[in-house]
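Note: the block below is final00.cif and it holds mmCIF, C-alpha atoms.
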data_upload
#
loop_
_atom_site.group_PDB
_atom_site.id
_atom_site.type_symbol
_atom_site.label_atom_id
_atom_site.label_comp_id
_atom_site.auth_asym_id
_atom_site.auth_seq_id
_atom_site.Cartn_x
_atom_site.Cartn_y
_atom_site.Cartn_z
ATOM 1 C CA MET F 1358 -23.425 17.501 29.456
ATOM 2 C CA CYS F 1359 -21.551 14.748 31.244
ATOM 3 C CA ILE F 1360 -21.155 11.231 29.875
ATOM 4 C CA ARG F 1361 -20.901 8.758 32.748
ATOM 5 C CA ASP F 1362 -20.728 5.527 30.782
ATOM 6 C CA SER F 1363 -21.244 3.980 27.370
ATOM 7 C CA TYR F 1364 -23.308 1.065 26.123
ATOM 8 C CA ASN F 1365 -21.686 -1.243 23.572
ATOM 9 C CA ALA F 1366 -23.906 -4.315 23.638
ATOM 10 C CA SER F 1367 -26.668 -5.376 21.275
ATOM 11 C CA ARG F 1368 -29.507 -3.029 20.344
ATOM 12 C CA SER F 1369 -31.764 -5.874 19.259
ATOM 13 C CA ASN F 1370 -35.377 -5.900 20.463
ATOM 14 C CA HIS F 1371 -35.241 -2.369 21.866
ATOM 15 C CA THR F 1372 -37.673 0.027 20.264
ATOM 16 C CA ASN F 1373 -35.892 3.299 20.867
ATOM 17 C CA PHE F 1374 -32.898 5.048 22.344
ATOM 18 C CA SER F 1375 -34.537 5.780 25.703
ATOM 19 C CA ASP F 1376 -34.646 2.036 26.430
ATOM 20 C CA TYR F 1377 -30.928 2.320 27.141
ATOM 21 C CA PHE F 1378 -31.302 5.281 29.450
ATOM 22 C CA SER F 1379 -30.913 3.388 32.726
ATOM 23 C CA GLN F 1380 -27.920 1.465 31.413
ATOM 24 C CA ILE F 1381 -25.764 4.379 30.302
ATOM 25 C CA SER F 1382 -26.221 7.024 32.972
ATOM 26 C CA ASP F 1383 -26.966 7.408 36.669
ATOM 27 C CA ASP F 1384 -27.867 11.078 36.383
ATOM 28 C CA SER F 1385 -30.879 11.774 34.184
ATOM 29 C CA THR F 1386 -30.383 15.531 34.236
ATOM 30 C CA ASN F 1387 -27.223 15.114 32.185
ATOM 31 C CA TRP F 1388 -29.032 13.167 29.490
ATOM 32 C CA ILE F 1389 -32.392 14.856 29.057
ATOM 33 C CA ASN F 1390 -31.466 16.598 25.787
ATOM 34 C CA ILE F 1391 -30.144 13.389 24.224
ATOM 35 C CA VAL F 1392 -33.088 11.261 25.325
ATOM 36 C CA ASN F 1393 -35.480 13.735 23.747
ATOM 37 C CA GLY F 1394 -33.441 13.410 20.533
ATOM 38 C CA ASP F 1395 -32.409 10.320 18.624
ATOM 39 C CA GLY F 1396 -29.057 9.755 20.322
ATOM 40 C CA GLU F 1397 -27.773 7.986 17.234
ATOM 41 C CA SER F 1398 -25.030 10.377 16.181
ATOM 42 C CA LEU F 1399 -23.922 11.444 19.641
ATOM 43 C CA LEU F 1400 -22.965 8.366 21.627
ATOM 44 C CA PRO F 1401 -20.418 5.547 21.270
ATOM 45 C CA PHE F 1402 -22.934 2.793 20.614
ATOM 46 C CA SER F 1403 -22.090 -0.340 18.724
ATOM 47 C CA GLN F 1404 -22.746 -0.153 14.987
ATOM 48 C CA GLU F 1405 -25.699 -2.493 15.256
ATOM 49 C CA ALA F 1406 -28.967 -0.809 14.329
ATOM 50 C CA PHE F 1407 -31.969 -0.547 16.592
ATOM 51 C CA VAL F 1408 -34.213 -3.427 15.593
ATOM 52 C CA THR F 1409 -37.669 -4.316 16.856
ATOM 53 C CA ASN F 1410 -38.085 -7.729 15.263
ATOM 54 C CA ILE F 1411 -36.119 -10.628 13.840
ATOM 55 C CA THR F 1412 -37.341 -12.198 10.622
ATOM 56 C CA ASN F 1413 -35.891 -15.209 8.816
ATOM 57 C CA TRP F 1414 -36.090 -15.973 5.122
ATOM 58 C CA THR F 1415 -37.928 -19.232 4.400
ATOM 59 C CA GLY F 1416 -38.449 -19.100 0.626
ATOM 60 C CA THR F 1417 -41.663 -21.047 1.147
ATOM 61 C CA THR F 1418 -43.402 -19.635 -1.927
ATOM 62 C CA ASP F 1419 -40.766 -18.335 -4.333
ATOM 63 C CA SER F 1420 -37.696 -16.038 -4.550
ATOM 64 C CA ASN F 1421 -39.568 -12.718 -4.168
ATOM 65 C CA TRP F 1422 -38.162 -10.703 -1.248
ATOM 66 C CA ASN F 1423 -41.348 -8.625 -0.995
ATOM 67 C CA LEU F 1424 -43.717 -11.516 -0.270
ATOM 68 C CA ALA F 1425 -44.814 -12.120 3.308
ATOM 69 C CA SER F 1426 -45.171 -15.887 2.869
ATOM 70 C CA ASN F 1427 -41.421 -16.096 2.197
ATOM 71 C CA TRP F 1428 -40.626 -14.886 5.742
ATOM 72 C CA ASP F 1429 -41.345 -16.317 9.195
ATOM 73 C CA ASN F 1430 -42.038 -12.930 10.780
ATOM 74 C CA GLY F 1431 -43.192 -10.657 7.987
ATOM 75 C CA ILE F 1432 -41.443 -8.731 5.202
ATOM 76 C CA PRO F 1433 -38.372 -6.966 6.645
ATOM 77 C CA SER F 1434 -38.532 -3.259 7.407
ATOM 78 C CA SER F 1435 -35.932 -0.667 8.358
ATOM 79 C CA SER F 1436 -36.158 -1.848 11.988
ATOM 80 C CA SER F 1437 -35.712 -5.556 11.186
ATOM 81 C CA SER F 1438 -32.814 -7.854 11.904
ATOM 82 C CA VAL F 1439 -32.824 -10.127 8.859
ATOM 83 C CA VAL F 1440 -31.366 -13.627 8.656
ATOM 84 C CA ILE F 1441 -31.118 -15.558 5.390
ATOM 85 C CA PRO F 1442 -30.346 -19.201 6.225
ATOM 86 C CA ASN F 1443 -29.290 -21.863 3.729
ATOM 87 C CA VAL F 1444 -32.628 -22.962 2.258
ATOM 88 C CA THR F 1445 -33.758 -24.326 -1.116
ATOM 89 C CA ILE F 1446 -34.978 -21.059 -2.679
ATOM 90 C CA SER F 1447 -32.741 -17.988 -2.407
ATOM 91 C CA PRO F 1448 -34.137 -14.437 -2.174
ATOM 92 C CA ILE F 1449 -34.031 -11.895 -4.990
ATOM 93 C CA ILE F 1450 -34.666 -8.147 -4.731
ATOM 94 C CA ASN F 1451 -36.352 -7.357 -8.034
ATOM 95 C CA ALA F 1452 -35.757 -4.411 -10.367
ATOM 96 C CA GLY F 1453 -37.210 -1.111 -9.212
ATOM 97 C CA ILE F 1454 -37.419 -2.191 -5.567
ATOM 98 C CA GLY F 1455 -35.699 -0.280 -2.756
ATOM 99 C CA ILE F 1456 -35.191 -2.176 0.499
ATOM 100 C CA GLU F 1457 -34.128 -0.841 3.905
ATOM 101 C CA VAL F 1458 -33.271 -3.135 6.837
ATOM 102 C CA GLY F 1459 -31.566 -2.847 10.206
ATOM 103 C CA ASN F 1460 -29.080 -5.738 10.159
ATOM 104 C CA LEU F 1461 -28.574 -8.471 7.565
ATOM 105 C CA THR F 1462 -26.910 -11.861 7.992
ATOM 106 C CA ILE F 1463 -26.475 -14.231 5.047
ATOM 107 C CA ASP F 1464 -25.503 -17.712 6.200
ATOM 108 C CA SER F 1465 -22.804 -19.769 4.503
ATOM 109 C CA GLY F 1466 -24.029 -21.452 1.336
ATOM 110 C CA GLU F 1467 -26.936 -19.021 0.844
ATOM 111 C CA PHE F 1468 -27.223 -16.148 -1.648
ATOM 112 C CA LEU F 1469 -29.063 -12.862 -1.980
ATOM 113 C CA THR F 1470 -29.296 -11.319 -5.456
ATOM 114 C CA LEU F 1471 -29.918 -7.632 -6.214
ATOM 115 C CA ASN F 1472 -31.328 -7.292 -9.720
ATOM 116 C CA ALA F 1473 -30.613 -4.291 -11.943
ATOM 117 C CA ASN F 1474 -32.080 -0.995 -10.721
ATOM 118 C CA SER F 1475 -32.766 -2.320 -7.231
ATOM 119 C CA SER F 1476 -31.266 -1.044 -3.997
ATOM 120 C CA LEU F 1477 -30.515 -2.302 -0.500
ATOM 121 C CA THR F 1478 -29.700 -0.017 2.426
ATOM 122 C CA ILE F 1479 -28.505 -1.534 5.704
ATOM 123 C CA SER F 1480 -28.433 0.837 8.659
ATOM 124 C CA GLY F 1481 -26.475 -1.534 10.875
ATOM 125 C CA LEU F 1482 -24.396 -4.645 10.213
ATOM 126 C CA LEU F 1483 -23.930 -6.737 7.074
ATOM 127 C CA SER F 1484 -22.487 -10.216 7.525
ATOM 128 C CA THR F 1485 -22.113 -12.419 4.459
ATOM 129 C CA ASN F 1486 -20.104 -15.473 3.477
ATOM 130 C CA ASP F 1487 -19.597 -14.433 -0.171
ATOM 131 C CA GLY F 1488 -23.350 -14.695 -0.559
ATOM 132 C CA LEU F 1489 -24.419 -11.278 -1.866
ATOM 133 C CA SER F 1490 -24.507 -10.779 -5.644
ATOM 134 C CA MET F 1491 -25.293 -7.490 -7.402
ATOM 135 C CA LYS F 1492 -26.251 -6.946 -11.035
ATOM 136 C CA SER F 1493 -25.436 -3.877 -13.137
ATOM 137 C CA GLY F 1494 -27.195 -0.779 -11.894
ATOM 138 C CA SER F 1495 -28.046 -2.102 -8.443
ATOM 139 C CA SER F 1496 -26.985 -0.264 -5.304
ATOM 140 C CA LEU F 1497 -25.811 -1.370 -1.862
ATOM 141 C CA ILE F 1498 -25.274 1.010 1.061
ATOM 142 C CA VAL F 1499 -24.074 -0.222 4.467
ATOM 143 C CA ASN F 1500 -24.069 2.464 7.153
ATOM 144 C CA GLY F 1501 -22.608 0.195 9.829
ATOM 145 C CA ALA F 1502 -19.902 -2.461 9.590
ATOM 146 C CA SER F 1503 -19.597 -5.048 6.820
ATOM 147 C CA ASN F 1504 -18.100 -8.522 7.137
ATOM 148 C CA GLY F 1505 -17.368 -10.793 4.182
ATOM 149 C CA ASN F 1506 -17.191 -10.405 0.407
ATOM 150 C CA ILE F 1507 -19.800 -9.258 -2.063
ATOM 151 C CA THR F 1508 -19.800 -9.711 -5.858
ATOM 152 C CA TYR F 1509 -20.710 -6.926 -8.289
ATOM 153 C CA ASN F 1510 -21.484 -7.916 -11.909
ATOM 154 C CA ARG F 1511 -21.062 -5.312 -14.650
ATOM 155 C CA ASN F 1512 -22.767 -6.063 -17.972
ATOM 156 C CA LEU F 1513 -20.772 -5.337 -21.157
ATOM 157 C CA GLU F 1514 -21.499 -5.778 -24.860
ATOM 158 C CA THR F 1515 -19.244 -7.403 -27.438
ATOM 159 C CA SER F 1516 -16.729 -5.524 -29.624
ATOM 160 C CA ASN F 1517 -16.804 -2.360 -27.524
ATOM 161 C CA TRP F 1518 -14.264 -0.887 -25.171
ATOM 162 C CA TYR F 1519 -15.631 0.043 -21.746
ATOM 163 C CA LEU F 1520 -14.254 2.156 -18.935
ATOM 164 C CA ILE F 1521 -14.574 0.370 -15.609
ATOM 165 C CA SER F 1522 -13.474 0.550 -11.978
ATOM 166 C CA SER F 1523 -13.715 -1.880 -9.107
ATOM 167 C CA PRO F 1524 -16.597 -1.214 -6.672
ATOM 168 C CA VAL F 1525 -14.978 -3.478 -4.068
ATOM 169 C CA ILE F 1526 -11.614 -3.889 -2.339
ATOM 170 C CA GLY F 1527 -9.432 -6.901 -2.986
ATOM 171 C CA GLN F 1528 -10.269 -8.092 -6.519
ATOM 172 C CA ASP F 1529 -7.055 -9.695 -7.806
ATOM 173 C CA VAL F 1530 -6.158 -8.523 -11.325
ATOM 174 C CA ASP F 1531 -4.616 -11.820 -12.451
ATOM 175 C CA ASP F 1532 -7.676 -13.738 -11.231
ATOM 176 C CA PHE F 1533 -9.912 -11.250 -13.043
ATOM 177 C CA VAL F 1534 -8.096 -11.759 -16.360
ATOM 178 C CA ALA F 1535 -8.088 -15.549 -15.940
ATOM 179 C CA THR F 1536 -11.849 -15.569 -15.326
ATOM 180 C CA GLU F 1537 -13.145 -13.072 -17.888
ATOM 181 C CA TYR F 1538 -13.199 -13.586 -21.663
ATOM 182 C CA LEU F 1539 -11.057 -10.669 -22.818
ATOM 183 C CA GLN F 1540 -9.745 -9.956 -26.308
ATOM 184 C CA GLN F 1541 -6.095 -10.838 -26.876
ATOM 185 C CA ASN F 1542 -3.395 -9.412 -29.100
ATOM 186 C CA LEU F 1543 -0.521 -11.177 -27.401
ATOM 187 C CA PRO F 1544 1.385 -10.276 -25.449
ATOM 188 C CA ASN F 1545 -1.314 -7.665 -24.771
ATOM 189 C CA ILE F 1546 -4.677 -8.621 -23.261
ATOM 190 C CA ALA F 1547 -7.609 -6.205 -23.524
ATOM 191 C CA LEU F 1548 -7.344 -4.714 -20.044
ATOM 192 C CA GLY F 1549 -5.925 -1.214 -20.017
ATOM 193 C CA THR F 1550 -4.181 -0.971 -16.665
ATOM 194 C CA THR F 1551 -2.592 2.480 -16.885
ATOM 195 C CA TYR F 1552 -3.532 5.569 -18.864
ATOM 196 C CA ASN F 1553 -0.582 7.752 -19.858
ATOM 197 C CA THR F 1554 -1.654 11.386 -19.773
ATOM 198 C CA THR F 1555 1.522 12.653 -21.443
ATOM 199 C CA ASP F 1556 0.750 11.023 -24.798
ATOM 200 C CA ASP F 1557 -2.821 9.720 -24.288
ATOM 201 C CA THR F 1558 -1.951 6.034 -24.621
ATOM 202 C CA TRP F 1559 -2.644 2.899 -22.565
ATOM 203 C CA ASN F 1560 -0.444 0.316 -20.954
ATOM 204 C CA TYR F 1561 -2.119 -3.074 -21.344
ATOM 205 C CA TYR F 1562 -2.093 -6.165 -19.229
ATOM 206 C CA GLN F 1563 0.674 -8.461 -20.383
ATOM 207 C CA ASN F 1564 0.029 -12.169 -20.735
ATOM 208 C CA GLY F 1565 0.992 -13.925 -17.514
ATOM 209 C CA THR F 1566 1.321 -11.104 -15.020
ATOM 210 C CA SER F 1567 -0.117 -7.690 -14.262
ATOM 211 C CA ASN F 1568 2.283 -6.458 -11.587
ATOM 212 C CA LEU F 1569 -0.789 -4.744 -10.116
ATOM 213 C CA ASP F 1570 -1.871 -7.235 -7.467
ATOM 214 C CA THR F 1571 -5.425 -5.916 -6.943
ATOM 215 C CA PHE F 1572 -7.453 -3.189 -8.638
ATOM 216 C CA THR F 1573 -6.793 0.202 -7.072
ATOM 217 C CA GLU F 1574 -9.780 1.926 -5.469
ATOM 218 C CA GLY F 1575 -11.035 4.913 -7.434
ATOM 219 C CA ILE F 1576 -8.854 4.279 -10.496
ATOM 220 C CA GLY F 1577 -10.405 3.657 -13.913
ATOM 221 C CA TYR F 1578 -9.435 0.912 -16.368
ATOM 222 C CA SER F 1579 -10.434 -0.015 -19.926
ATOM 223 C CA VAL F 1580 -11.626 -3.463 -20.972
ATOM 224 C CA ASN F 1581 -12.942 -5.277 -24.047
ATOM 225 C CA LEU F 1582 -14.657 -8.662 -24.087
ATOM 226 C CA ASP F 1583 -13.815 -11.288 -26.687
ATOM 227 C CA GLY F 1584 -16.657 -12.515 -28.853
ATOM 228 C CA THR F 1585 -19.837 -12.249 -26.807
ATOM 229 C CA SER F 1586 -21.573 -9.835 -24.490
ATOM 230 C CA GLY F 1587 -21.754 -10.721 -20.829
ATOM 231 C CA ASP F 1588 -20.872 -9.804 -17.277
ATOM 232 C CA ILE F 1589 -17.536 -9.076 -15.700
ATOM 233 C CA SER F 1590 -17.392 -9.652 -11.946
ATOM 234 C CA PHE F 1591 -15.642 -7.993 -9.035
ATOM 235 C CA THR F 1592 -15.492 -9.800 -5.695
ATOM 236 C CA GLY F 1593 -14.194 -8.244 -2.490
ATOM 237 C CA THR F 1594 -15.087 -6.274 0.602
ATOM 238 C CA ILE F 1595 -17.077 -3.049 0.716
ATOM 239 C CA ASN F 1596 -15.070 0.162 0.749
ATOM 240 C CA THR F 1597 -15.988 2.212 3.839
ATOM 241 C CA ASN F 1598 -13.330 4.926 3.467
ATOM 242 C CA ASP F 1599 -13.077 8.177 1.566
ATOM 243 C CA GLU F 1600 -10.736 7.842 -1.422
ATOM 244 C CA SER F 1601 -8.347 10.656 -2.295
ATOM 245 C CA ILE F 1602 -6.946 10.385 -5.830
ATOM 246 C CA PRO F 1603 -4.051 12.562 -7.082
ATOM 247 C CA LEU F 1604 -4.474 13.812 -10.656
ATOM 248 C CA THR F 1605 -1.928 14.919 -13.202
ATOM 249 C CA THR F 1606 -2.038 17.869 -15.605
ATOM 250 C CA SER F 1607 0.697 16.581 -17.914
ATOM 251 C CA GLY F 1608 -0.103 16.345 -21.628
ATOM 252 C CA ASN F 1609 -3.788 16.932 -22.227
ATOM 253 C CA GLY F 1610 -4.414 16.291 -18.545
ATOM 254 C CA PHE F 1611 -7.010 13.557 -18.987
ATOM 255 C CA ASN F 1612 -7.372 11.372 -15.893
ATOM 256 C CA LEU F 1613 -9.559 8.297 -15.568
ATOM 257 C CA ILE F 1614 -11.204 7.870 -12.181
ATOM 258 C CA GLY F 1615 -13.969 5.481 -11.181
ATOM 259 C CA ASN F 1616 -16.584 4.900 -8.508
ATOM 260 C CA PRO F 1617 -15.012 2.722 -5.748
ATOM 261 C CA TYR F 1618 -18.352 1.896 -4.082
ATOM 262 C CA PRO F 1619 -21.228 -0.498 -4.880
ATOM 263 C CA SER F 1620 -23.670 2.418 -4.874
ATOM 264 C CA TYR F 1621 -24.211 5.577 -6.852
ATOM 265 C CA ALA F 1622 -21.813 8.423 -6.078
ATOM 266 C CA ASN F 1623 -22.849 12.057 -5.985
ATOM 267 C CA SER F 1624 -20.675 13.774 -8.616
ATOM 268 C CA ALA F 1625 -21.439 17.213 -7.185
ATOM 269 C CA SER F 1626 -20.077 16.090 -3.803
ATOM 270 C CA ILE F 1627 -16.931 14.785 -5.479
ATOM 271 C CA LEU F 1628 -16.233 18.104 -7.184
ATOM 272 C CA THR F 1629 -17.087 20.102 -4.068
ATOM 273 C CA ALA F 1630 -14.700 18.002 -1.971
ATOM 274 C CA SER F 1631 -11.815 18.494 -4.412
ATOM 275 C CA THR F 1632 -9.040 20.838 -3.356
ATOM 276 C CA ASP F 1633 -8.785 22.865 -6.567
ATOM 277 C CA ALA F 1634 -12.061 24.275 -7.832
ATOM 278 C CA VAL F 1635 -10.581 25.258 -11.225
ATOM 279 C CA SER F 1636 -8.249 22.543 -12.468
ATOM 280 C CA TYR F 1637 -9.179 19.728 -10.063
ATOM 281 C CA THR F 1638 -5.605 18.594 -9.556
ATOM 282 C CA HIS F 1639 -6.804 16.452 -6.671
ATOM 283 C CA LEU F 1640 -10.102 14.603 -6.388
ATOM 284 C CA THR F 1641 -11.712 13.239 -3.249
ATOM 285 C CA LEU F 1642 -14.399 10.586 -3.594
ATOM 286 C CA PRO F 1643 -16.663 10.697 -0.524
ATOM 287 C CA THR F 1644 -18.377 7.626 0.843
ATOM 288 C CA THR F 1645 -21.682 9.492 1.159
ATOM 289 C CA PRO F 1646 -23.857 8.305 -1.753
ATOM 290 C CA TYR F 1647 -27.167 9.630 -3.024
#

For the structure just supplied, provide its representation as C-alpha cells.
Amino acid sequence: MCIRDSYNASRSNHTNFSDYFSQISDDSTNWINIVNGDGESLLPFSQEAFVTNITNWTGTTDSNWNLASNWDNGIPSSSSSVVIPNVTISPIINAGIGIEVGNLTIDSGEFLTLNANSSLTISGLLSTNDGLSMKSGSSLIVNGASNGNITYNRNLETSNWYLISSPVIGQDVDDFVATEYLQQNLPNIALGTTYNTTDDTWNYYQNGTSNLDTFTEGIGYSVNLDGTSGDISFTGTINTNDESIPLTTSGNGFNLIGNPYPSYANSASILTASTDAVSYTHLTLPTTPY
C-alpha cells in the first residue's frame, strides 16, 4: 500500500470515509482495502470525528438533554457536532443516561452538567471554557483532543476520612485547601499529602503552604471535611496520557494510588499492564477506560 497524501481538514458534513477518497489519493488501487474498511485507525486524519449534522442547544423547553424541543436540529447522536451556546437554560445529562456525540463545543458563559451515574463519550473534539461540570459517579471519555478545563465534584460525608485523587491535571493544592471546608488541627489541615510506607503514617498539609503545587496524577490523598457533608471540586484539563507510578515495598508496602481520569478505570487492565505480576512494584494506569 502506498500513501500519496494525507487529509487534515474538517470531517464535518461527510457521511463516511470514502467521501475523502478523491482528496487523499490519485491511485485508487492503492486504497481499495482502506476504503472498504473504516479508515479511522490507519490514516493521519485530524482528530475531529466524522459528523453528519450540526445541532445547537436552545433550551427552549427545559434543561433535559434528551428532549428534541431543546435542540434546533434534533437530539445529538454519535455522528453529531454539538454546540452549546450561552442561553438562559443550560443542559443537564440526567442520571442513568449515556450520551455519545461526535464533537462538542461549549461556548463561554455556558455550562453542561453531568449528573451522578451519567456518561458522556466524545469521539472527536471537546472545546469548553470551564463550562463542563461533573457530579460524583459520572463519566467523561474524550477520544480526540480536549481544550479547556472541566470540573469534577466528589461528594463526601461529614466526620469521615476519604481517600481521593485528582481526575484532572492542574488543580492547585493551595487553592483546593482555601476553597474546601477541611478539618483543622493547626498547624495540620485535614489533607494527607504523603503516605509514609515505612511506618504507615501521613504527612499533612501545613497551614499556609503545601509545597506540592498541583495534585500529582495517579497519586492518592486523604481528606476530611469539617462539619458538614458536601462536594470537593477538582478543576483542570483532561489527562490524555498513560500514567506510570513507581511503588515502594518498604515497611508494610502499602501504596495509595488513584484514578487520574474523569471516567471509570479498568482495574484488570491496570494490573495486567504492571511490570511485576507478583509484587506490583510498578503500576501503569492506562487511559483506556471501560

* Which one is closest to Arg1511 in chain F: F:Leu1628, F:Leu1613, F:Ile1589, F:Leu1543? Count only C-alpha atoms. ->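 Smallest distance to Arg1511 in chain F is found for F:Ile1589.
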
* Residues matched by the PyMOL selection byres ((chain F and resi 1579) around 8) as a ChimeraX atom specification -> /F:1518-1521,1547-1550,1577-1578,1580-1581

* Asked: For Leu1461 in chain F, which residue among F:Thr1412, F:Thr1418, F:Asn1427, F:Thr1445 is the nearest when counting only C-alpha atoms?
  -> F:Thr1412

* Care to translate the PyMOL selection byres ((chain F and resi 1476-1479) around 7) into actual residues of this file, as a list in words? ->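 Answer for the PyMOL selection byres ((chain F and resi 1476-1479) around 7): Ile1454, Gly1455, Ile1456, Glu1457, Val1458, Gly1459, Asn1460, Asn1474, Ser1475, Ser1480, Gly1481, Leu1482, Ser1495, Ser1496, Leu1497, Ile1498, Val1499 and Asn1500 of chain F.
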
* To do: Apply the PyMOL selection byres ((chain F and resi 1411) around 7) to the structure shown and report the selected residues as a PyMOL selection string.
  => chain F and resi 1410+1412-1413+1437-1439

Keeping C-alpha atoms for every residue in the selection just given, could you write it to a file as a PDB file, keeping the file's coordinate frame?
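Writing done, so here's again30.pdb:
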ATOM      1  CA  ASN F1410     -38.085  -7.729  15.263  1.00  0.00           C
ATOM      2  CA  THR F1412     -37.341 -12.198  10.622  1.00  0.00           C
ATOM      3  CA  ASN F1413     -35.891 -15.209   8.816  1.00  0.00           C
ATOM      4  CA  SER F1437     -35.712  -5.556  11.186  1.00  0.00           C
ATOM      5  CA  SER F1438     -32.814  -7.854  11.904  1.00  0.00           C
ATOM      6  CA  VAL F1439     -32.824 -10.127   8.859  1.00  0.00           C
TER       7      VAL F1439
END
